[in-house]
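Since the structure comes first, as structure tokens, the remarks are kept for the end.
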There are 2 protein chains.
Amino acid sequence: MKIILLSGGSGKRLWPVSNNARSKQFVRVLPAPDGGVESMVQRVVRQIGESRLRCGVTVATGAAQRGVIEAQLGSGVDIVTEPERRDTFPAIALSTSYLSMEKGCGDEEVVVVMPCDPFTDSGYFETIARMTEAVETGGADLVLMGICPTYASSKFGYVVPMPGEAGKPVMRVAGFTEKPDEARAARLIEEGALWNGGVFAFRLGYMRAITARYVQASTFADMVAAYGRLPKISFDYEVAEKAQSIAVLPFNGMWRDLGTWNALADELPGCCMGNAVVDNPECGSQVVNQLGLPLLCIGTSNLIVAASADGILVADKGSCEHLKDYVDRLSQEPQYEEFGWGSRKVVDHSGEAVTSRLEVNAGASTGIMCDLVHAATLTVIAGTGVATVDGKLIELRTGVVMTVPCGMQCEIESAGDASLEVIEVKY
Amino acid sequence: MKIILLSGGSGKRLWPVSNNARSKQFVRVLPAPDGGVESMVQRVVRQIGESRLRCGVTVATGAAQRGVIEAQLGSGVDIVTEPERRDTFPAIALSTSYLSMEKGCGDEEVVVVMPCDPFTDSGYFETIARMTEAVETGGADLVLMGICPTYASSKFGYVVPMPGEAGKPVMRVAGFTEKPDEARAARLIEEGALWNGGVFAFRLGYMRAITARYVQASTFADMVAAYGRLPKISFDYEVAEKAQSIAVLPFNGMWRDLGTWNALADELPGCCMGNAVVDNPECGSQVVNQLGLPLLCIGTSNLIVAASADGILVADKGSCEHLKDYVDRLSQEPQYEEFGWGSRKVVDHSGEAVTSRLEVNAGASTGIMCDLVHAATLTVIAGTGVATVDGKLIELRTGVVMTVPCGMQCEIESAGDASLEVIEVKY
């Protein structure tokens, strides 16, 4: 079997530690079993590995997230980059085509599609294993995960079982109700309806046939080229709501969306992350400081304080839902980005000039960089390596300076066991 | 007449916008008449200029503050730098010696000594003018300003008039009571005692005679060399409490110490300074953001949020008095410093390496800089000028890079009408 993780989203609700290049699923603030921290997507991939699922993982995402996925998940996953952001149906069609055409998976292979950022326990992945078995044993063409509702929410989609199916371990599905009002939600729950958790299992051939209605491609490259012809529609509308043979398996464990600071705060490893002091931690204030500067929180209650190269947030936990409205008005480019090779953090802006610290992981290479607008001076402050500037090799060690004219190609490679650090001044 | 401003103090109570190189009197956050902002010491010097006092101003300070005083007060004041920090008596002795020996002032010249940071109105300077007249007309050897008490404070020193003097425009003084308990303070106030405002007027010869008891110097250089022989004692104890002929003039106007964030907040020009948004300004939160990053304050009440290169403070206004205890534990060097020639702001630390932005004011020169520990790369990002590195002249414009080995002398001079900006990477 294969798992496809859908990775999208913007970084506004967890600003400033998330940004357009680092959506909420990449924020590394959750306690990891090794005593360090991990991001939501790292947690999910770790949980998949710890489950009885024996499967490859493919991440479906946009080009902007490729670097951070490489940085956080390394070579353990395949990445399928959508040529443009459309919706979940085209994204899943592209990833299943990748499995068929690039990975050589057959039509009988079971595929599970799921979000990349649910905060759950091991039971969630046990449910996925049983969904896979339900597809394999012919229970249905499409098998969904239904989250057992804890209240009559008007914010979720509901999966409604057929009459008489409620309570069975695998229920045939009568239909869907998207975001009902609370009264209707309460009646649906009485009838045994479940929240739609966005987890779908099916055989690869099932999806291949649906995709072929829009695009007949014989290679994955053809599929990528034809991506714009796939309709902009969700998988729920295009596939689930039209499916003839569909079942749902209930999941009754922990299932949380850590999509706001208020929700995330409960899962942080303590009151202070980074260089920070809270004088009265018993009053509920929590700090995530990703800047090098010291941060002091004195006499406050129930605040989230978060600082990164992108900005500083001071918010009452109960008011975090308003954050997005204010972040929408900020037009700044991401000031911190992770890549497969390392990271770039802006440390100063002044007029047109931008100063950044680049960290190139041991043994990694930035690939060819070329700025068509700015010239740059790069000073190595730690590590060793080699740079190629305008085709010439330069040996790198602390104190070596490279000047890179506007439009010239430059590639930096780190040698040795430690990362290479460079201060880049663009002007 | 001459005014001596005493400028000392540490930067802990208004951290992080003040630091060891920028005590509270140098924090530029008070609204200025030109619509901009000014610091406490700039405000006092401006108020002296607007008063009917026609006088030169000398600032007595330590070496660490010389740069910021030059930056904020320019050539409008003389600066006397104490060779070491001792106490107010030696500081005043040194400054009065400077007036006698360097400025050619005679023994009859009236000198007024005052703190550099009271937040007052024009009546304060009118009282100083009348104190000067009281010395000139022979009212007393030493004339003090007495602040009319508004409550029975145990934190101030009290000036006690002689019986029958209370209420007169110039009162002869019976003695002093330092920080009485509240009950005693209340009785003193009933008897007409006033708070000692730390403002003293006397003839230069009066102080010259007292100084000569400890040091006989014929030049100012001799006086500086002998500075360590002056006793470590306050002017109040060494001079005021021993004076035979002493009078006090009452001042009944606005007189505030903006020495904590809570006190300063009331005088800030609004809820936001710098790149900041407070979503509910009616709830009393105020932000001073001296970083370039955006700062959002959502759903908070009655907070002071202050951010600078030295750190970030989030404090309930009522808890600001505890700030010093926490700042005492921070051991960081100042990350932002003002000098006569411009400023230096640290923008990144990484291991041993420090990256800073230098701003050299139009027409100014840094003077010779020499770092015995680090080598540096300097990249010009704006402006024009000339540098002298190891005796060689280098013409500066955007993009010019200087490499300065450890221990080599370097001087940067800005030409043209705009300031010169340089990113300095020390490693």
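Ordering of the structure tokens sets the chain letters (A, B, ...), residue numbers begin anew at 1 in every chain, and ligands are numbered from 1 in the order given.
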Expected answer as a VMD selection string: strand (DSSP E or B) residues in region 90-311 of chain A: chain A and resid 110 to 115 119 to 120 142 to 147 157 to 161 171 to 178 194 to 203 246 to 251 255 to 256 272 to 273 276 to 278 286 to 289 295 to 298 303 to 308 311
field: Nearby residues (only C-alpha atoms) at most 12 Å from Cys105 (chain B), same-chain spacing under 3 positions excluded, as a list in words
entry: Met1, Lys2, Gly56, Ser95, Thr96, Ser97, Tyr98, Leu99, Ser100, Met101, Glu102, Glu108, Glu109, Val110, Val111, Arg203, Leu204, Gly205 and Arg208 of chain B
Residues just named, written with N, CA and C atoms as a compact mmCIF listing (two decimals), in the first residue's frame:
# COMPACT_ATOMS: atom_id res chain seq x y z
N MET B 1 26.00 82.49 33.82
CA MET B 1 25.83 81.27 34.62
C MET B 1 26.06 80.02 33.76
N LYS B 2 26.30 78.93 34.43
CA LYS B 2 26.53 77.66 33.75
C LYS B 2 25.63 76.59 34.37
N GLY B 56 25.72 78.28 29.26
CA GLY B 56 26.34 77.11 28.65
C GLY B 56 25.97 75.87 29.45
N SER B 95 33.66 68.74 37.09
CA SER B 95 33.01 69.63 36.13
C SER B 95 33.22 71.10 36.48
N THR B 96 33.19 71.43 37.76
CA THR B 96 33.43 72.83 38.13
C THR B 96 34.90 73.19 37.88
N SER B 97 35.81 72.24 38.09
CA SER B 97 37.21 72.49 37.76
C SER B 97 37.37 72.74 36.26
N TYR B 98 36.62 71.98 35.47
CA TYR B 98 36.63 72.17 34.01
C TYR B 98 36.20 73.59 33.66
N LEU B 99 35.13 74.06 34.33
CA LEU B 99 34.63 75.41 34.05
C LEU B 99 35.69 76.45 34.44
N SER B 100 36.35 76.25 35.58
CA SER B 100 37.38 77.19 36.02
C SER B 100 38.60 77.14 35.12
N MET B 101 39.09 75.94 34.87
CA MET B 101 40.42 75.79 34.27
C MET B 101 40.40 75.70 32.75
N GLU B 102 39.33 75.20 32.18
CA GLU B 102 39.28 75.05 30.73
C GLU B 102 38.42 76.11 30.07
N GLU B 108 33.15 84.12 40.60
CA GLU B 108 31.83 84.72 40.84
C GLU B 108 30.73 84.08 40.00
N GLU B 109 31.12 83.31 38.98
CA GLU B 109 30.14 82.70 38.06
C GLU B 109 29.19 81.79 38.85
N VAL B 110 27.90 81.92 38.60
CA VAL B 110 26.94 81.03 39.27
C VAL B 110 26.80 79.74 38.46
N VAL B 111 26.84 78.64 39.18
CA VAL B 111 26.73 77.32 38.55
C VAL B 111 25.48 76.64 39.11
N ARG B 203 28.17 79.70 43.72
CA ARG B 203 29.22 80.35 42.93
C ARG B 203 30.36 79.36 42.73
N LEU B 204 31.03 79.50 41.61
CA LEU B 204 32.09 78.56 41.26
C LEU B 204 33.17 78.54 42.35
N GLY B 205 33.49 79.69 42.91
CA GLY B 205 34.54 79.77 43.92
C GLY B 205 34.22 78.97 45.17
N ARG B 208 35.12 75.53 44.36
CA ARG B 208 36.57 75.43 44.15
C ARG B 208 37.29 75.30 45.49
query: Restricting the calculation to only C-alpha atoms, which member of A:Gln335, A:Asn262, A:Ser343, A:Gln65 is positioned closest to Ala309 (chain A)?
result: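 Looking at the shortest contact to Ala309 (chain A), the residue is A:Gln335.
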query: Mind listing as a ChimeraX atom specification which residues of chain B are within 8 Å of chain A, counting only C-alpha atoms?
result: /B:292-300,309-316,318-320,322-323,326,347-349,353,355,375-377,379,381,398-399,401,423,425,427
- prompt: How far is it from CA of Asp78 (chain B) to CA of Thr120 (chain B), in Å with one decimal?
  reply: 22.7 Å
query: Excluding same-chain residues fewer than 3 positions from Lys24 (chain B), what lies within 6 Å of it counting only C-alpha atoms, as a list in words?
result: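 Listed by chain and then number, they are Gly11, Ser18 and Val27 of chain B.
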Dump of N, CA and C atoms for the selected residues, as a PDB file, in the first residue's frame:
ATOM      1  N   GLY B  11      20.790  51.087  32.353  1.00  0.00           N
ATOM      2  CA  GLY B  11      19.672  51.011  31.427  1.00  0.00           C
ATOM      3  C   GLY B  11      18.706  49.890  31.741  1.00  0.00           C
ATOM      4  N   SER B  18      16.584  50.683  26.558  1.00  0.00           N
ATOM      5  CA  SER B  18      17.820  51.215  27.128  1.00  0.00           C
ATOM      6  C   SER B  18      18.732  50.031  27.438  1.00  0.00           C
ATOM      7  N   VAL B  27      16.707  57.374  25.820  1.00  0.00           N
ATOM      8  CA  VAL B  27      15.675  56.665  25.069  1.00  0.00           C
ATOM      9  C   VAL B  27      14.797  57.691  24.343  1.00  0.00           C
TER      10      VAL B  27
END
